[in-house]
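Visitor: Provided below: target_13.pdb, containing PDB, C-alpha atoms, pLDDT in the B column.
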ATOM      1  CA  MET A1004     108.742  99.626  67.242  1.00 55.00           C
ATOM      2  CA  SER A1005     107.654 103.216  66.666  1.00 65.00           C
ATOM      3  CA  VAL A1006     106.310 102.291  63.220  1.00 62.00           C
ATOM      4  CA  ILE A1007     103.976  99.754  64.846  1.00 68.00           C
ATOM      5  CA  CYS A1008     102.776 102.400  67.286  1.00 57.00           C
ATOM      6  CA  LEU A1009     102.084 104.822  64.465  1.00 56.00           C
ATOM      7  CA  ILE A1010     100.107 102.193  62.554  1.00 60.00           C
ATOM      8  CA  CYS A1011      98.067 101.350  65.680  1.00 52.00           C
ATOM      9  CA  MET A1012      97.319 105.019  66.303  1.00 54.00           C
ATOM     10  CA  PHE A1013      96.266 105.451  62.668  1.00 51.00           C
ATOM     11  CA  VAL A1014      93.929 102.447  62.871  1.00 52.00           C
ATOM     12  CA  PHE A1015      92.446 103.585  66.193  1.00 51.00           C
ATOM     13  CA  PHE A1016      91.855 107.218  65.269  1.00 51.00           C
ATOM     14  CA  PHE A1017      90.864 106.901  61.618  1.00 52.00           C
ATOM     15  CA  LEU A1018      89.315 103.472  61.107  1.00 56.00           C
ATOM     16  CA  VAL A1019      87.365 103.045  64.372  1.00 61.00           C
ATOM     17  CA  PRO A1020      84.222 105.192  64.158  1.00 72.00           C
ATOM     18  CA  ALA A1021      83.522 107.750  66.869  1.00 81.00           C
ATOM     19  CA  CYS A1022      81.235 106.599  69.665  1.00 85.00           C
ATOM     20  CA  ASN A1023      78.633 109.316  69.121  1.00 83.00           C
ATOM     21  CA  THR A1024      78.002 108.144  65.530  1.00 86.00           C
ATOM     22  CA  MET A1025      76.789 104.666  66.576  1.00 85.00           C
ATOM     23  CA  THR A1026      73.046 104.119  66.822  1.00 87.00           C
ATOM     24  CA  SER A1027      72.628 100.637  68.330  1.00 91.00           C
ATOM     25  CA  CYS A1028      73.838  99.107  71.550  1.00 91.00           C
ATOM     26  CA  GLU A1029      75.622  96.208  69.786  1.00 92.00           C
ATOM     27  CA  THR A1030      77.638  98.436  67.472  1.00 90.00           C
ATOM     28  CA  CYS A1031      78.368 100.881  70.284  1.00 90.00           C
ATOM     29  CA  LEU A1032      79.700  98.235  72.673  1.00 89.00           C
ATOM     30  CA  ALA A1033      81.812  96.602  69.971  1.00 88.00           C
ATOM     31  CA  ASN A1034      84.220  99.433  70.761  1.00 87.00           C
ATOM     32  CA  VAL A1035      85.448  99.087  74.370  1.00 86.00           C
ATOM     33  CA  SER A1036      85.949 102.826  74.720  1.00 87.00           C
ATOM     34  CA  CYS A1037      82.207 103.469  74.255  1.00 90.00           C
ATOM     35  CA  LEU A1038      79.345 103.538  76.755  1.00 91.00           C
ATOM     36  CA  TRP A1039      75.689 102.978  75.794  1.00 93.00           C
ATOM     37  CA  CYS A1040      72.990 104.882  77.684  1.00 93.00           C
ATOM     38  CA  GLN A1041      69.632 103.107  77.564  1.00 91.00           C
ATOM     39  CA  THR A1042      67.515 106.114  78.636  1.00 90.00           C
ATOM     40  CA  ASN A1043      68.214 108.225  75.566  1.00 89.00           C
ATOM     41  CA  SER A1044      69.606 105.418  73.329  1.00 90.00           C
ATOM     42  CA  SER A1045      72.890 107.194  72.814  1.00 91.00           C
ATOM     43  CA  CYS A1046      76.475 106.074  72.556  1.00 92.00           C
ATOM     44  CA  SER A1047      79.180 108.187  74.160  1.00 90.00           C
ATOM     45  CA  ASP A1048      82.847 107.972  74.990  1.00 89.00           C
ATOM     46  CA  TYR A1049      83.504 106.204  78.289  1.00 87.00           C
ATOM     47  CA  PRO A1050      84.659 108.830  80.807  1.00 83.00           C
ATOM     48  CA  VAL A1051      88.113 107.352  81.461  1.00 79.00           C
ATOM     49  CA  SER A1052      88.947 109.960  84.095  1.00 82.00           C
ATOM     50  CA  TYR A1053      86.383 108.221  86.352  1.00 84.00           C
ATOM     51  CA  VAL A1054      86.316 104.557  87.300  1.00 83.00           C
ATOM     52  CA  ILE A1055      82.531 104.627  87.516  1.00 86.00           C
ATOM     53  CA  PRO A1056      80.798 106.949  85.051  1.00 85.00           C
ATOM     54  CA  PRO A1057      79.095 109.889  86.792  1.00 87.00           C
ATOM     55  CA  ALA A1058      75.310 110.312  86.771  1.00 86.00           C
ATOM     56  CA  SER A1059      75.693 113.344  84.491  1.00 87.00           C
ATOM     57  CA  VAL A1060      76.790 110.965  81.705  1.00 87.00           C
ATOM     58  CA  CYS A1061      74.168 108.273  82.394  1.00 89.00           C
ATOM     59  CA  LYS A1062      72.489 106.641  85.412  1.00 91.00           C
ATOM     60  CA  LEU A1063      74.254 103.435  86.417  1.00 89.00           C
ATOM     61  CA  SER A1064      71.072 101.405  86.105  1.00 90.00           C
ATOM     62  CA  GLN A1065      70.728 102.557  82.480  1.00 92.00           C
ATOM     63  CA  ALA A1066      74.402 102.468  81.429  1.00 92.00           C
ATOM     64  CA  ARG A1067      75.716  99.530  79.418  1.00 92.00           C
ATOM     65  CA  TRP A1068      79.364  98.637  78.918  1.00 88.00           C
ATOM     66  CA  GLY A1069      80.798  95.442  77.479  1.00 86.00           C
ATOM     67  CA  VAL A1070      77.446  93.734  76.813  1.00 89.00           C
ATOM     68  CA  CYS A1071      73.981  95.136  76.177  1.00 91.00           C
ATOM     69  CA  TRP A1072      72.055  92.816  78.499  1.00 92.00           C
ATOM     70  CA  VAL A1073      73.836  93.791  81.771  1.00 90.00           C
ATOM     71  CA  ASN A1074      73.548  97.270  83.224  1.00 89.00           C
ATOM     72  CA  PHE A1075      76.573  98.884  84.822  1.00 87.00           C
ATOM     73  CA  GLU A1076      75.058  98.729  88.314  1.00 89.00           C
ATOM     74  CA  ALA A1077      74.599  94.937  88.123  1.00 90.00           C
ATOM     75  CA  LEU A1078      78.085  94.592  86.641  1.00 88.00           C
ATOM     76  CA  ILE A1079      79.618  96.448  89.583  1.00 90.00           C
ATOM     77  CA  ILE A1080      77.638  94.383  92.116  1.00 93.00           C
ATOM     78  CA  ALA A1081      78.602  91.121  90.406  1.00 92.00           C
ATOM     79  CA  MET A1082      82.282  92.092  90.309  1.00 92.00           C
ATOM     80  CA  ALA A1083      82.172  93.058  93.993  1.00 95.00           C
ATOM     81  CA  VAL A1084      80.593  89.708  94.899  1.00 97.00           C
ATOM     82  CA  VAL A1085      83.185  87.769  92.889  1.00 97.00           C
ATOM     83  CA  CYS A1086      86.088  89.741  94.402  1.00 97.00           C
ATOM     84  CA  GLY A1087      84.666  89.370  97.919  1.00 97.00           C
ATOM     85  CA  THR A1088      84.231  85.628  97.441  1.00 97.00           C
ATOM     86  CA  LEU A1089      87.804  85.289  96.188  1.00 97.00           C
ATOM     87  CA  LEU A1090      89.164  87.299  99.127  1.00 96.00           C
ATOM     88  CA  LEU A1091      87.146  85.200 101.565  1.00 96.00           C
ATOM     89  CA  ALA A1092      88.363  81.961  99.972  1.00 95.00           C
ATOM     90  CA  VAL A1093      92.000  83.086 100.116  1.00 94.00           C
ATOM     91  CA  SER A1094      91.587  84.163 103.760  1.00 92.00           C
ATOM     92  CA  VAL A1095      90.035  80.832 104.729  1.00 90.00           C
ATOM     93  CA  CYS A1096      92.818  78.935 102.944  1.00 89.00           C
ATOM     94  CA  CYS A1097      95.483  80.993 104.720  1.00 88.00           C
ATOM     95  CA  CYS A1098      93.849  80.415 108.113  1.00 86.00           C
ATOM     96  CA  CYS A1099      93.543  76.673 107.468  1.00 84.00           C
ATOM     97  CA  CYS A1100      97.165  76.446 106.369  1.00 83.00           C
ATOM     98  CA  CYS A1101      98.327  78.369 109.437  1.00 81.00           C
ATOM     99  CA  CYS A1102      96.300  76.146 111.780  1.00 76.00           C
ATOM    100  CA  CYS A1103      97.560  72.944 110.119  1.00 72.00           C
ATOM    101  CA  CYS A1104     101.171  74.113 110.285  1.00 68.00           C
ATOM    102  CA  LYS A1105     100.736  75.110 113.911  1.00 66.00           C
ATOM    103  CA  ARG A1106      99.323  71.662 114.757  1.00 65.00           C
ATOM    104  CA  ARG A1107     102.185  69.947 112.955  1.00 64.00           C
ATOM    105  CA  ARG A1108     104.704  72.090 114.790  1.00 62.00           C
ATOM    106  CA  SER A1109     103.094  71.509 118.184  1.00 60.00           C
ATOM    107  CA  SER A1110     102.838  67.749 117.576  1.00 62.00           C
ATOM    108  CA  SER A1111     106.517  67.644 116.614  1.00 63.00           C
ATOM    109  CA  PHE A1112     107.318  69.599 119.784  1.00 68.00           C
ATOM    110  CA  ASP A1113     105.281  67.082 121.800  1.00 72.00           C
ATOM    111  CA  ARG A1114     107.229  64.199 120.233  1.00 77.00           C
ATOM    112  CA  ASP A1115     110.517  65.950 121.018  1.00 77.00           C
ATOM    113  CA  ASP A1116     109.411  66.504 124.616  1.00 81.00           C
ATOM    114  CA  GLU A1117     108.482  62.830 124.958  1.00 85.00           C
ATOM    115  CA  GLN A1118     111.846  61.712 123.572  1.00 86.00           C
ATOM    116  CA  PHE A1119     113.654  64.112 125.884  1.00 87.00           C
ATOM    117  CA  ALA A1120     111.677  62.827 128.885  1.00 88.00           C
ATOM    118  CA  ARG A1121     112.470  59.178 127.919  1.00 90.00           C
ATOM    119  CA  ARG A1122     116.169  59.948 127.585  1.00 91.00           C
ATOM    120  CA  ARG A1123     116.158  61.765 130.927  1.00 91.00           C
ATOM    121  CA  GLU A1124     114.457  58.771 132.564  1.00 92.00           C
ATOM    122  CA  GLU A1125     116.967  56.346 130.991  1.00 92.00           C
ATOM    123  CA  ILE A1126     119.892  58.460 132.212  1.00 91.00           C
ATOM    124  CA  ARG A1127     118.335  58.633 135.697  1.00 90.00           C
ATOM    125  CA  GLN A1128     117.887  54.809 135.762  1.00 89.00           C
ATOM    126  CA  ARG A1129     121.508  54.273 134.689  1.00 88.00           C
ATOM    127  CA  ALA A1130     122.697  56.686 137.353  1.00 83.00           C
ATOM    128  CA  ASP A1131     120.591  54.855 139.980  1.00 84.00           C
ATOM    129  CA  GLU A1132     122.047  51.513 138.832  1.00 82.00           C
ATOM    130  CA  ARG A1133     125.565  52.915 139.112  1.00 82.00           C
ATOM    131  CA  TYR A1134     124.808  54.230 142.588  1.00 78.00           C
ATOM    132  CA  VAL A1135     123.390  50.871 143.653  1.00 76.00           C
ATOM    133  CA  ASN A1136     126.448  49.084 142.212  1.00 75.00           C
ATOM    134  CA  LEU A1137     128.802  51.489 143.990  1.00 72.00           C
ATOM    135  CA  THR A1138     127.070  51.102 147.353  1.00 75.00           C
ATOM    136  CA  ALA A1139     126.993  47.297 146.945  1.00 71.00           C
ATOM    137  CA  VAL A1140     130.740  47.169 146.173  1.00 68.00           C
ATOM    138  CA  SER A1141     131.747  49.287 149.122  1.00 62.00           C
TER     139      SER A1141
END
Mind converting the file's structure to structure tokens?

Guide:
Amino acid sequence: MSVICLICMFVFFFLVPACNTMTSCETCLANVSCLWCQTNSSCSDYPVSYVIPPASVCKLSQARWGVCWVNFEALIIAMAVVCGTLLLAVSVCCCCCCCCCKRRRSSSFDRDDEQFARRREEIRQRADERYVNLTAVS
């Protein structure tokens, strides 16, 4: 396993060119660890210590990562919209499931109450019949 790691490290450090040597957006973004800045047409290492690259590296509206035709600002907004939509959809599904389960439970409770009331009425009628039969015999 360690041999594989050593080979991967060798390939990454020696065969993948450094970000600052790339001169076009396409070649720069072919390496996922690189960030292209449109303002000065430069490729730099993505600042991995930050989730969002700081303005000192490049303005978000001019930064490109992943693809050349989408700036980082639009990428962040699109990801936020997708995540928000997914969260909303999951919340709505959970609420619908809870409401449906609650209705099923309450309808089963209603059925149980009706059966209990019918049994109680049947027992009361039998008791009345017994009482009538006892008073008629005596």

Visitor: In Å, with one decimal, what is the gap from atom CA of A:Lys1062 to atom CA of A:Leu1038?

Guide: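 Here the two named atoms are 11.5 Å from each other.
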
Visitor: Quote the spacing between atom CA of A:Val1051 and atom CA of A:Leu1089 in Å to one decimal place.

Guide: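 For atom CA of A:Val1051 relative to atom CA of A:Leu1089, the distance reads 26.5 Å.
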
Visitor: Do you have the atom CA of A:Thr1042-atom CA of A:Ile1079 distance handy?

Guide: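 Calculated distance between atom CA of A:Thr1042 and atom CA of A:Ile1079 is 19.0 Å.
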
Visitor: Can you work out which one of A:Cys1071, A:Val1093, A:Ser1045, A:Glu1076 has the shortest atom-to-atom distance to A:Pro1057, counting only C-alpha atoms?

Guide: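 Smallest distance to A:Pro1057 is found for A:Glu1076.
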
Visitor: On this structure, which residues satisfy the PyMOL selection byres ((chain A and resi 1026) around 7), written as a CSV table (one decimal) with C-alpha atoms, in the coordinates of the input?

Guide:
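Once everything was written out, this is result36.csv:
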chain,number,residue,atom,x,y,z
A,1024,THR,CA,78.0,108.1,65.5
A,1025,MET,CA,76.8,104.7,66.6
A,1027,SER,CA,72.6,100.6,68.3
A,1028,CYS,CA,73.8,99.1,71.6
A,1045,SER,CA,72.9,107.2,72.8
A,1046,CYS,CA,76.5,106.1,72.6

Visitor: From the list A:Leu1090, A:Ala1139, A:Cys1100, A:Cys1037, which residue is nearest A:Val1070 when using all atoms listed in the file?

Guide: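 Closest to A:Val1070 of all the choices is A:Cys1037.
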
Visitor: Around the point (75.8, 108.1, 79.5) in the file's coordinates, collect all residues with an atom within 10 Å, using all atoms listed in the file, and return them as a PDB file with C-alpha atoms, keeping the file's coordinate frame.

Guide:
ATOM      1  CA  CYS A1037      82.207 103.469  74.255  1.00 90.00           C
ATOM      2  CA  LEU A1038      79.345 103.538  76.755  1.00 91.00           C
ATOM      3  CA  TRP A1039      75.689 102.978  75.794  1.00 93.00           C
ATOM      4  CA  CYS A1040      72.990 104.882  77.684  1.00 93.00           C
ATOM      5  CA  GLN A1041      69.632 103.107  77.564  1.00 91.00           C
ATOM      6  CA  THR A1042      67.515 106.114  78.636  1.00 90.00           C
ATOM      7  CA  ASN A1043      68.214 108.225  75.566  1.00 89.00           C
ATOM      8  CA  SER A1044      69.606 105.418  73.329  1.00 90.00           C
ATOM      9  CA  SER A1045      72.890 107.194  72.814  1.00 91.00           C
ATOM     10  CA  CYS A1046      76.475 106.074  72.556  1.00 92.00           C
ATOM     11  CA  SER A1047      79.180 108.187  74.160  1.00 90.00           C
ATOM     12  CA  ASP A1048      82.847 107.972  74.990  1.00 89.00           C
ATOM     13  CA  TYR A1049      83.504 106.204  78.289  1.00 87.00           C
ATOM     14  CA  PRO A1050      84.659 108.830  80.807  1.00 83.00           C
ATOM     15  CA  PRO A1056      80.798 106.949  85.051  1.00 85.00           C
ATOM     16  CA  PRO A1057      79.095 109.889  86.792  1.00 87.00           C
ATOM     17  CA  ALA A1058      75.310 110.312  86.771  1.00 86.00           C
ATOM     18  CA  SER A1059      75.693 113.344  84.491  1.00 87.00           C
ATOM     19  CA  VAL A1060      76.790 110.965  81.705  1.00 87.00           C
ATOM     20  CA  CYS A1061      74.168 108.273  82.394  1.00 89.00           C
ATOM     21  CA  LYS A1062      72.489 106.641  85.412  1.00 91.00           C
ATOM     22  CA  LEU A1063      74.254 103.435  86.417  1.00 89.00           C
ATOM     23  CA  GLN A1065      70.728 102.557  82.480  1.00 92.00           C
ATOM     24  CA  ALA A1066      74.402 102.468  81.429  1.00 92.00           C
ATOM     25  CA  ARG A1067      75.716  99.530  79.418  1.00 92.00           C
TER      26      ARG A1067
END
